[in-house]
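Structure first, then comments.
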Amino acid sequence: MTTKITSDDFFLNGGVYVINDRLKDETAEKPYRLVLGLTYNATTGVPFPLPFVNYFRRVNENWSFSAGIPKSNLKYFFNEKSIVQTFVTLDGYFANIQNRMVVNGKEVDNISLSVAVGGLGYEYCFTKHLVAYTYAGYTFRLNNVLRDENRDEVFKLDDINAFYLRTGIKFKI
């Protein structure tokens, strides 16, 4: 059964960042980009801003690394269009359940997933800003929960670590 979109289906997300970009600075001995910020995402279930930290450096023509939260990686560039990487990242979602259900005598309004993942990824750059990607790995922390309207845990779904696959097309700035 399909229902209309309601205000419960929308979530507030935002962030404030400071960027120190020395990648194109010809006077910099070791060019880098440092991003520090705070992000607020209503879907995390955490009612306060979370840190965002990213330090990126292109070591040479073939290698770069990025260290930070929520993602760190080590990339190898076959060329500027074809890139393979190892990564560790935090990922997840929080979603409204439109057709509420009762589980263990309690009404379930939301479902959430949070994972810590390590793995390998491949990116193909169609253009400077349009990238196809596939990330495959294994979850070494998994929390999948049905929640009530107060976001309290009603039922914990399987928390067995498992294979992780994420693929798509992204637009990057």
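All residue names refer to the structure tokens as shown: chains lettered A, B, ... in order, residues numbered from 1 in each chain, ligands numbered from 1 in order.
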For segment 19-25 of chain A, find every residue with an atom within 8 Å (counting only C-alpha atoms), except residues of its own chain fewer than 3 positions away, and show them as a ChimeraX atom specification. /A:28,31-36,57
Arg151 of chain A: which residues within 9 Å, counting only C-alpha atoms, same-chain residues fewer than 2 positions away excluded, as a ChimeraX atom specification? /A:45,109-111,146-149,153-154
Same residues, C-alpha atoms, saved as a PDB file, in the first residue's frame:
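Output file selection.pdb is given in full below:
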```pdb
ATOM      1  CA  GLY A  45      19.347   9.973  16.096  1.00  0.00           C
ATOM      2  CA  ASP A 109       7.747   4.347  13.720  1.00  0.00           C
ATOM      3  CA  ASN A 110      11.346   4.317  12.409  1.00  0.00           C
ATOM      4  CA  ILE A 111      14.162   2.048  11.351  1.00  0.00           C
ATOM      5  CA  LEU A 146      13.365  -0.691  14.848  1.00  0.00           C
ATOM      6  CA  ARG A 147      12.481   2.431  16.880  1.00  0.00           C
ATOM      7  CA  ASP A 148       9.405   4.087  18.394  1.00  0.00           C
ATOM      8  CA  GLU A 149       8.338   7.723  17.918  1.00  0.00           C
ATOM      9  CA  GLU A 153      14.880   0.932  20.616  1.00  0.00           C
ATOM     10  CA  VAL A 154      11.903  -1.425  20.221  1.00  0.00           C
TER      11      VAL A 154
END
```
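Separating atom CA of Val18 of chain A from atom CA of His129 of chain A is a distance of 21.2 Å.
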For atom CA of Lys75 of chain A and atom CA of Asn60 of chain A, quote the distance in Å rounded to one decimal. 10.9 Å
Please provide the set of residues having any atom within 10 Å of Tyr122 of chain A, restricted to only C-alpha atoms, with same-chain residues fewer than 2 positions apart removed, written as number ranges by chain. A: 75-76, 82-86, 120, 124, 132-136, 167
Limited to N, CA and C atoms, could you put the picked residues into a file as a PDB file, in the first residue's frame?
```
ATOM      1  N   LYS A  75      44.185   5.778  -1.849  1.00  0.00           N
ATOM      2  CA  LYS A  75      43.799   5.606  -3.247  1.00  0.00           C
ATOM      3  C   LYS A  75      45.016   5.394  -4.135  1.00  0.00           C
ATOM      4  N   TYR A  76      44.813   4.541  -5.143  1.00  0.00           N
ATOM      5  CA  TYR A  76      45.800   4.354  -6.201  1.00  0.00           C
ATOM      6  C   TYR A  76      45.152   4.780  -7.521  1.00  0.00           C
ATOM      7  N   SER A  82      40.473   6.383 -13.583  1.00  0.00           N
ATOM      8  CA  SER A  82      40.302   5.054 -12.996  1.00  0.00           C
ATOM      9  C   SER A  82      41.076   4.947 -11.680  1.00  0.00           C
ATOM     10  N   ILE A  83      40.338   4.764 -10.579  1.00  0.00           N
ATOM     11  CA  ILE A  83      40.934   4.833  -9.243  1.00  0.00           C
ATOM     12  C   ILE A  83      40.450   3.648  -8.400  1.00  0.00           C
ATOM     13  N   VAL A  84      41.359   3.020  -7.691  1.00  0.00           N
ATOM     14  CA  VAL A  84      41.005   1.966  -6.739  1.00  0.00           C
ATOM     15  C   VAL A  84      41.406   2.447  -5.346  1.00  0.00           C
ATOM     16  N   GLN A  85      40.684   1.998  -4.315  1.00  0.00           N
ATOM     17  CA  GLN A  85      40.984   2.470  -2.970  1.00  0.00           C
ATOM     18  C   GLN A  85      40.684   1.411  -1.920  1.00  0.00           C
ATOM     19  N   THR A  86      41.367   1.529  -0.797  1.00  0.00           N
ATOM     20  CA  THR A  86      40.975   0.829   0.426  1.00  0.00           C
ATOM     21  C   THR A  86      40.361   1.895   1.323  1.00  0.00           C
ATOM     22  N   LEU A 120      37.244  -2.345  -0.102  1.00  0.00           N
ATOM     23  CA  LEU A 120      37.863  -1.877  -1.335  1.00  0.00           C
ATOM     24  C   LEU A 120      36.831  -1.144  -2.170  1.00  0.00           C
ATOM     25  N   TYR A 124      35.184   5.379 -11.275  1.00  0.00           N
ATOM     26  CA  TYR A 124      35.479   5.744 -12.655  1.00  0.00           C
ATOM     27  C   TYR A 124      34.925   7.140 -12.882  1.00  0.00           C
ATOM     28  N   ALA A 132      31.185   7.304 -11.279  1.00  0.00           N
ATOM     29  CA  ALA A 132      30.526   6.030 -10.970  1.00  0.00           C
ATOM     30  C   ALA A 132      31.398   5.326  -9.933  1.00  0.00           C
ATOM     31  N   TYR A 133      30.758   4.694  -8.952  1.00  0.00           N
ATOM     32  CA  TYR A 133      31.545   4.058  -7.897  1.00  0.00           C
ATOM     33  C   TYR A 133      30.939   2.733  -7.470  1.00  0.00           C
ATOM     34  N   THR A 134      31.791   1.874  -6.950  1.00  0.00           N
ATOM     35  CA  THR A 134      31.396   0.627  -6.308  1.00  0.00           C
ATOM     36  C   THR A 134      32.306   0.439  -5.104  1.00  0.00           C
ATOM     37  N   TYR A 135      31.707   0.284  -3.949  1.00  0.00           N
ATOM     38  CA  TYR A 135      32.458   0.016  -2.729  1.00  0.00           C
ATOM     39  C   TYR A 135      31.985  -1.330  -2.178  1.00  0.00           C
ATOM     40  N   ALA A 136      32.910  -2.222  -1.907  1.00  0.00           N
ATOM     41  CA  ALA A 136      32.587  -3.527  -1.338  1.00  0.00           C
ATOM     42  C   ALA A 136      33.462  -3.726  -0.117  1.00  0.00           C
ATOM     43  N   THR A 167      26.897   1.094  -4.432  1.00  0.00           N
ATOM     44  CA  THR A 167      27.266   1.474  -5.788  1.00  0.00           C
ATOM     45  C   THR A 167      26.337   2.575  -6.281  1.00  0.00           C
TER      46      THR A 167
END
```
Extract, using only C-alpha atoms, all DNA, RNA and protein residues at most 12 Å from Thr3 of chain A, discarding same-chain residues fewer than 4 positions from it, and format them as a short mmCIF file (atom, residue, chain, number, x, y, z; two decimals) with C-alpha atoms, in the first residue's frame.
```cif
data_model
loop_
_atom_site.label_atom_id
_atom_site.label_comp_id
_atom_site.auth_asym_id
_atom_site.auth_seq_id
_atom_site.Cartn_x
_atom_site.Cartn_y
_atom_site.Cartn_z
CA ASP A 9 9.31 11.67 5.84
CA ILE A 97 8.03 3.80 8.52
CA GLN A 98 4.81 5.15 7.03
CA ASN A 99 2.66 2.14 7.85
CA ARG A 100 3.47 1.77 11.52
#
```
